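**Student:** Got a structure for you, written out below as structure tokens; questions coming shortly.
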Amino acid sequence: MREFTRGTAWWSPDGGRVLRADPADRDRLPGDTWERAGLPAGVRLEFSARGVRAVEVEYVASSPSDTDSYGSAPPVFTLLADSREEAGAPVPARRGSGTEAVGTPSQQDAPARAAGTPTPPGGRAQTAFDTPAAPGSHVARIELPYPDGDFTLHLPETLRPTLTDLRPVGGGTIEPAARRPRWLVYGDSIAEGWSASRPHLAWPALAGRALGLDTVNLGYAGAARGELASAQQLASLRADLITVAFGTNCWSRTPHSAALLHETTRAFLTLVRQGHPGVPLLVLSPVLRPDAESLPNALGATLGELRSAVERAAGDAGAALLPGGGLLESRHLVDGVHPGDAGHGLLADAVAAALRRGQPWTAS
């Protein structure tokens with residue numbers, strides 16, 4: 001399975017699960033960071049098919065945790081395929097079973113085409129197809145809209161599945177997709193993808209597809225306060241680009257003063273740079289949070305002041321900066337903090353544009 005898996009950082013000691021923090025370094029990480037590291041945010045399978053009508057994915061999954069109860073959509077595997085309608089070759093209607101095995105879910109028909117799948121800025125038009133997933137041991141049958149092409153399969157993240165096999169059904173062959181430049185994205189719940197209706201609609205996933213990158217999502221909901229252990233872990237990973245986007249959780253969850261956050265961010269970026277002295281590094285400062293913009297926290301800092309501290313630290317470190325304060329409006333936030341699909345799309349547009357500007361890397 002490893003040869004098909006993309007968006008990976010580390011693997012569990014038994015080799016069965018993707019982890020988003022180094023298990024050998026667990027004793028240095030806060031508990032909330034480690035808990036989120038077990039969620040396979042942004043992890044996906046990428047493969048090229050030749051003469052294949054469907055693939056089967058064997059997996060074992062658990063029930064969503066209380067932390068992941070924010071997800072309003074049922075868990076699904078989401079297949080992304082190039083939209084052949086634009087090329088004059090309509091996507092054929094396909095029928096087949098959705099998920100087969102022990103404890104099979106009841107809604108079994110052809111994969112449902114997901115609504116509202118945007119074309120990433122500069123990316124190819126794609127169509128998304130959902131296949132139901134459920135806790136337990138299963139074999140998910142994923143119908144392909146056409147037999148020859150390149151496909152991406154996003155996981156039912158909140159089920160934290162362990163994948164054991166990917167195979168074609170009824171003949172044909174599948175091969176791992178070609179490797180692409182590797183983009184590390186460190187951040188909080190917004191980077192992790194909270195409140196996007198599907199994992200493939202989180203802003204790192206959208207921007208990564210637009211730029212032809214292998215996005216490695218290192219967003220930790222409720223955490224990502226610039227812990228220096230996390231900076232050293234980023235420094236240890238192979239990377240062609242890096243984006244750092246944190247600060248909101250430093251307003252209330254773990255209050256920081258502006259001076260403390262400035263020094264924390266400066267130290268974080270310094271450690272990342274030690275591992276990647278020549279890699280393009282973009283800092284996205286905190287996006288809009290209306291209730292915090294002008295309200296002092298327990299240490300007297302407003303979110304606006306914390307944002308300025310992050311931006312000053314980016315300048316001190318010589319990193320590229322994308323100011324986050326003006327990228328979203330209140331209407332883009334589903335709960336006053338996290339953006340919905342439209343907000344994630346706006347962030348993806350802005351980040352992709354920032355990464356394109358004068359960066360010494362080539363997208364495949």
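Following the order of the structure tokens, chains are lettered A, B, ..., residues in each are numbered from 1, and ligands are numbered from 1.
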Going by DSSP on the backbone, which residues of segment 201-273 of chain A come out as helix (DSSP H, G or I)? List them as a PyMOL selection string.

**Tutor:** chain A and resi 201+203-211+228-236+248-250+258-273

**Student:** Quick one: residues within 12 Å of Gly31 of chain A, only C-alpha atoms counted, chain neighbours fewer than 3 positions away excluded, as a tab-separated table (two decimals) with all heavy atoms, in the first residue's frame?

**Tutor:**
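Listing of result33.tsv after writing:
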```tsv
chain	number	residue	atom	x	y	z
A	21	ALA	N	2.96	12.83	12.98
A	21	ALA	CA	4.02	13.25	13.89
A	21	ALA	C	4.91	12.04	14.12
A	21	ALA	O	4.47	10.89	13.97
A	21	ALA	CB	3.45	13.76	15.21
A	26	ARG	N	7.40	11.10	20.45
A	26	ARG	CA	6.10	11.34	21.07
A	26	ARG	C	6.21	12.01	22.44
A	26	ARG	O	5.37	12.84	22.81
A	26	ARG	CB	5.34	10.02	21.21
A	26	ARG	CG	3.98	10.16	21.86
A	26	ARG	CD	3.23	8.85	21.89
A	26	ARG	NE	1.95	8.98	22.54
A	26	ARG	CZ	1.05	8.00	22.65
A	26	ARG	NH1	1.33	6.81	22.14
A	26	ARG	NH2	-0.09	8.20	23.26
A	27	ASP	N	7.24	11.67	23.22
A	27	ASP	CA	7.32	12.19	24.58
A	27	ASP	C	7.58	13.70	24.62
A	27	ASP	O	7.42	14.32	25.68
A	27	ASP	CB	8.40	11.45	25.37
A	27	ASP	CG	9.79	11.60	24.78
A	27	ASP	OD1	9.89	11.95	23.58
A	27	ASP	OD2	10.78	11.38	25.49
A	28	ARG	N	7.94	14.31	23.49
A	28	ARG	CA	8.16	15.75	23.48
A	28	ARG	C	6.96	16.54	22.99
A	28	ARG	O	6.97	17.78	23.02
A	28	ARG	CB	9.35	16.10	22.59
A	28	ARG	CG	10.69	15.58	23.11
A	28	ARG	CD	11.83	16.39	22.51
A	28	ARG	NE	11.83	16.38	21.07
A	28	ARG	CZ	12.21	17.42	20.30
A	28	ARG	NH1	12.60	18.54	20.87
A	28	ARG	NH2	12.20	17.32	18.99
A	34	TRP	N	-0.44	15.08	19.58
A	34	TRP	CA	-0.30	13.66	19.27
A	34	TRP	C	-1.64	13.02	18.93
A	34	TRP	O	-1.73	12.18	18.03
A	34	TRP	CB	0.35	12.92	20.44
A	34	TRP	CG	0.50	11.46	20.15
A	34	TRP	CD1	-0.21	10.42	20.68
A	34	TRP	CD2	1.39	10.88	19.19
A	34	TRP	NE1	0.20	9.23	20.13
A	34	TRP	CE2	1.18	9.49	19.22
A	34	TRP	CE3	2.35	11.41	18.34
A	34	TRP	CZ2	1.89	8.61	18.40
A	34	TRP	CZ3	3.06	10.53	17.52
A	34	TRP	CH2	2.82	9.15	17.57
A	35	GLU	N	-2.71	13.42	19.61
A	35	GLU	CA	-4.03	12.85	19.31
A	35	GLU	C	-4.43	13.16	17.87
A	35	GLU	O	-4.92	12.29	17.15
A	35	GLU	CB	-5.07	13.41	20.28
A	35	GLU	CG	-6.40	12.66	20.30
A	35	GLU	CD	-7.31	13.00	19.13
A	35	GLU	OE1	-7.24	14.16	18.65
A	35	GLU	OE2	-8.08	12.12	18.69
A	36	ARG	N	-4.19	14.39	17.42
A	36	ARG	CA	-4.56	14.75	16.05
A	36	ARG	C	-3.62	14.11	15.04
A	36	ARG	O	-3.99	13.94	13.87
A	36	ARG	CB	-4.55	16.28	15.88
A	36	ARG	CG	-5.51	17.02	16.77
A	36	ARG	CD	-6.90	16.43	16.76
A	36	ARG	NE	-7.55	16.52	15.46
A	36	ARG	CZ	-8.70	15.95	15.17
A	36	ARG	NH1	-9.33	15.23	16.10
A	36	ARG	NH2	-9.24	16.08	13.98
A	37	ALA	N	-2.41	13.78	15.46
A	37	ALA	CA	-1.46	13.17	14.53
A	37	ALA	C	-1.92	11.80	14.06
A	37	ALA	O	-1.44	11.29	13.04
A	37	ALA	CB	-0.08	13.06	15.18
A	38	GLY	N	-2.86	11.17	14.79
A	38	GLY	CA	-3.38	9.89	14.37
A	38	GLY	C	-4.46	9.98	13.31
A	38	GLY	O	-4.88	8.96	12.75
A	220	TYR	N	-2.93	20.45	13.04
A	220	TYR	CA	-3.36	19.77	14.27
A	220	TYR	C	-4.45	20.61	14.93
A	220	TYR	O	-4.17	21.67	15.51
A	220	TYR	CB	-2.18	19.60	15.23
A	220	TYR	CG	-0.95	18.96	14.61
A	220	TYR	CD1	0.24	19.67	14.50
A	220	TYR	CD2	-1.00	17.66	14.14
A	220	TYR	CE1	1.36	19.09	13.93
A	220	TYR	CE2	0.13	17.07	13.56
A	220	TYR	CZ	1.30	17.79	13.47
A	220	TYR	OH	2.41	17.21	12.89
A	221	ALA	N	-5.68	20.14	14.83
A	221	ALA	CA	-6.81	20.89	15.39
A	221	ALA	C	-6.65	21.07	16.89
A	221	ALA	O	-6.33	20.13	17.62
A	221	ALA	CB	-8.11	20.16	15.08
A	222	GLY	N	-6.87	22.30	17.36
A	222	GLY	CA	-6.78	22.61	18.78
A	222	GLY	C	-5.37	22.76	19.28
A	222	GLY	O	-5.15	23.10	20.44
A	223	ALA	N	-4.39	22.51	18.42
A	223	ALA	CA	-2.99	22.56	18.83
A	223	ALA	C	-2.23	23.52	17.91
A	223	ALA	O	-2.70	24.60	17.62
A	223	ALA	CB	-2.41	21.15	18.81
A	224	ALA	N	-1.04	23.12	17.46
A	224	ALA	CA	-0.23	23.94	16.55
A	224	ALA	C	-0.03	25.34	17.11
A	224	ALA	O	-0.47	26.33	16.55
A	224	ALA	CB	-0.88	24.00	15.17
A	227	GLU	N	5.00	24.73	18.71
A	227	GLU	CA	5.88	23.92	19.56
A	227	GLU	C	7.20	23.64	18.83
A	227	GLU	O	7.21	23.24	17.66
A	227	GLU	CB	5.19	22.60	19.93
A	227	GLU	CG	4.09	22.74	20.96
A	227	GLU	CD	2.76	23.18	20.38
A	227	GLU	OE1	2.66	23.29	19.14
A	227	GLU	OE2	1.82	23.41	21.16
```

**Student:** Quick one: of A:Ser12, A:Thr158, A:Ser48, A:Gln232, who's nearest to Ile174 of chain A, counting only C-alpha atoms?

**Tutor:** A:Ser48

**Student:** Find the residues near Arg238 of chain A: any atom within 10 Å, counting only C-alpha atoms, skip ones fewer than 2 places away on the same chain, and give them as number ranges by chain.

**Tutor:** A: 9, 181-184, 234-236, 240-241, 275-276

**Student:** Using N, CA, C and O atoms, can you write the selected residues to a file as an mmCIF file, in the first residue's frame?

**Tutor:**
```cif
data_model
loop_
_atom_site.group_PDB
_atom_site.id
_atom_site.type_symbol
_atom_site.label_atom_id
_atom_site.label_comp_id
_atom_site.auth_asym_id
_atom_site.auth_seq_id
_atom_site.Cartn_x
_atom_site.Cartn_y
_atom_site.Cartn_z
ATOM 1 N N ALA A 9 3.846 11.383 6.182
ATOM 2 C CA ALA A 9 4.968 11.940 6.935
ATOM 3 C C ALA A 9 5.719 10.812 7.645
ATOM 4 O O ALA A 9 6.887 10.552 7.371
ATOM 5 N N PRO A 181 6.643 17.199 -6.391
ATOM 6 C CA PRO A 181 7.304 17.995 -5.351
ATOM 7 C C PRO A 181 6.512 17.940 -4.047
ATOM 8 O O PRO A 181 5.274 17.966 -4.047
ATOM 9 N N ARG A 182 7.230 17.878 -2.934
ATOM 10 C CA ARG A 182 6.612 17.642 -1.627
ATOM 11 C C ARG A 182 6.435 18.950 -0.864
ATOM 12 O O ARG A 182 7.392 19.680 -0.633
ATOM 13 N N TRP A 183 5.191 19.207 -0.455
ATOM 14 C CA TRP A 183 4.816 20.444 0.221
ATOM 15 C C TRP A 183 4.364 20.115 1.643
ATOM 16 O O TRP A 183 3.357 19.448 1.840
ATOM 17 N N LEU A 184 5.096 20.596 2.642
ATOM 18 C CA LEU A 184 4.717 20.420 4.036
ATOM 19 C C LEU A 184 3.874 21.618 4.474
ATOM 20 O O LEU A 184 4.289 22.766 4.299
ATOM 21 N N LEU A 234 9.484 19.028 11.380
ATOM 22 C CA LEU A 234 9.417 19.545 10.015
ATOM 23 C C LEU A 234 10.806 19.605 9.399
ATOM 24 O O LEU A 234 10.995 19.265 8.233
ATOM 25 N N ALA A 235 11.782 20.034 10.202
ATOM 26 C CA ALA A 235 13.146 20.147 9.695
ATOM 27 C C ALA A 235 13.715 18.792 9.289
ATOM 28 O O ALA A 235 14.598 18.722 8.430
ATOM 29 N N SER A 236 13.203 17.715 9.880
ATOM 30 C CA SER A 236 13.740 16.383 9.589
ATOM 31 C C SER A 236 13.138 15.754 8.343
ATOM 32 O O SER A 236 13.668 14.757 7.842
ATOM 33 N N ASP A 240 10.102 20.185 -0.528
ATOM 34 C CA ASP A 240 10.408 21.090 -1.625
ATOM 35 C C ASP A 240 9.794 22.470 -1.395
ATOM 36 O O ASP A 240 10.259 23.455 -1.962
ATOM 37 N N LEU A 241 8.742 22.541 -0.588
ATOM 38 C CA LEU A 241 8.132 23.783 -0.142
ATOM 39 C C LEU A 241 7.601 23.563 1.263
ATOM 40 O O LEU A 241 7.261 22.430 1.639
ATOM 41 N N GLY A 275 16.898 22.850 9.016
ATOM 42 C CA GLY A 275 16.770 21.631 8.223
ATOM 43 C C GLY A 275 16.575 21.895 6.748
ATOM 44 O O GLY A 275 16.825 21.018 5.918
ATOM 45 N N HIS A 276 16.108 23.103 6.397
ATOM 46 C CA HIS A 276 15.762 23.421 5.003
ATOM 47 C C HIS A 276 16.237 24.829 4.660
ATOM 48 O O HIS A 276 15.434 25.733 4.425
#
```

**Student:** Give the answer as one residue: which of A:Leu327, A:Val169, A:Ala231, A:Leu201 has the shortest atom-to-atom distance to Asp22 of chain A, using only C-alpha atoms?

**Tutor:**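 With only C-alpha atoms as the atom set, the closest residue is A:Ala231.
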
**Student:** If we count only C-alpha atoms, what is near Pro135 of chain A at a cut-off of 6 Å, once residues fewer than 4 positions away on the same chain are taken out, given as a list in words?

**Tutor:**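 Near Pro135 of chain A, the qualifying residues are Ala61, Ser62 and Ser63 of chain A.
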
**Student:** Identify, on the basis of only C-alpha atoms, every residue whose closest approach to Pro75 of chain A does not exceed 7 Å; exclude the query and any residue fewer than 2 positions from it along the same chain; express the result as an mmCIF file with N, CA and C atoms, in the first residue's frame.

**Tutor:**
```cif
data_model
loop_
_atom_site.group_PDB
_atom_site.id
_atom_site.type_symbol
_atom_site.label_atom_id
_atom_site.label_comp_id
_atom_site.auth_asym_id
_atom_site.auth_seq_id
_atom_site.Cartn_x
_atom_site.Cartn_y
_atom_site.Cartn_z
ATOM 1 N N ALA A 73 -20.827 15.560 7.293
ATOM 2 C CA ALA A 73 -21.039 14.618 6.197
ATOM 3 C C ALA A 73 -20.686 13.204 6.648
ATOM 4 N N PRO A 132 -19.626 5.064 0.200
ATOM 5 C CA PRO A 132 -19.772 5.024 1.666
ATOM 6 C C PRO A 132 -18.689 4.186 2.331
ATOM 7 N N ALA A 133 -18.339 4.598 3.553
ATOM 8 C CA ALA A 133 -17.385 3.866 4.393
ATOM 9 C C ALA A 133 -17.994 3.733 5.780
ATOM 10 N N ALA A 134 -17.488 2.787 6.559
ATOM 11 C CA ALA A 134 -18.051 2.536 7.880
ATOM 12 C C ALA A 134 -17.000 1.913 8.786
ATOM 13 N N PRO A 156 -11.794 8.203 4.210
ATOM 14 C CA PRO A 156 -12.755 8.646 5.226
ATOM 15 C C PRO A 156 -12.000 8.974 6.515
ATOM 16 N N THR A 158 -12.194 10.632 9.315
ATOM 17 C CA THR A 158 -12.649 10.542 10.703
ATOM 18 C C THR A 158 -12.733 9.100 11.202
#
```

**Student:** So what do you get for atom CA of Val310 of chain A versus atom CA of His262 of chain A, distance-wise?

**Tutor:**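 Separation of atom CA of Val310 of chain A and atom CA of His262 of chain A: 5.6 Å.
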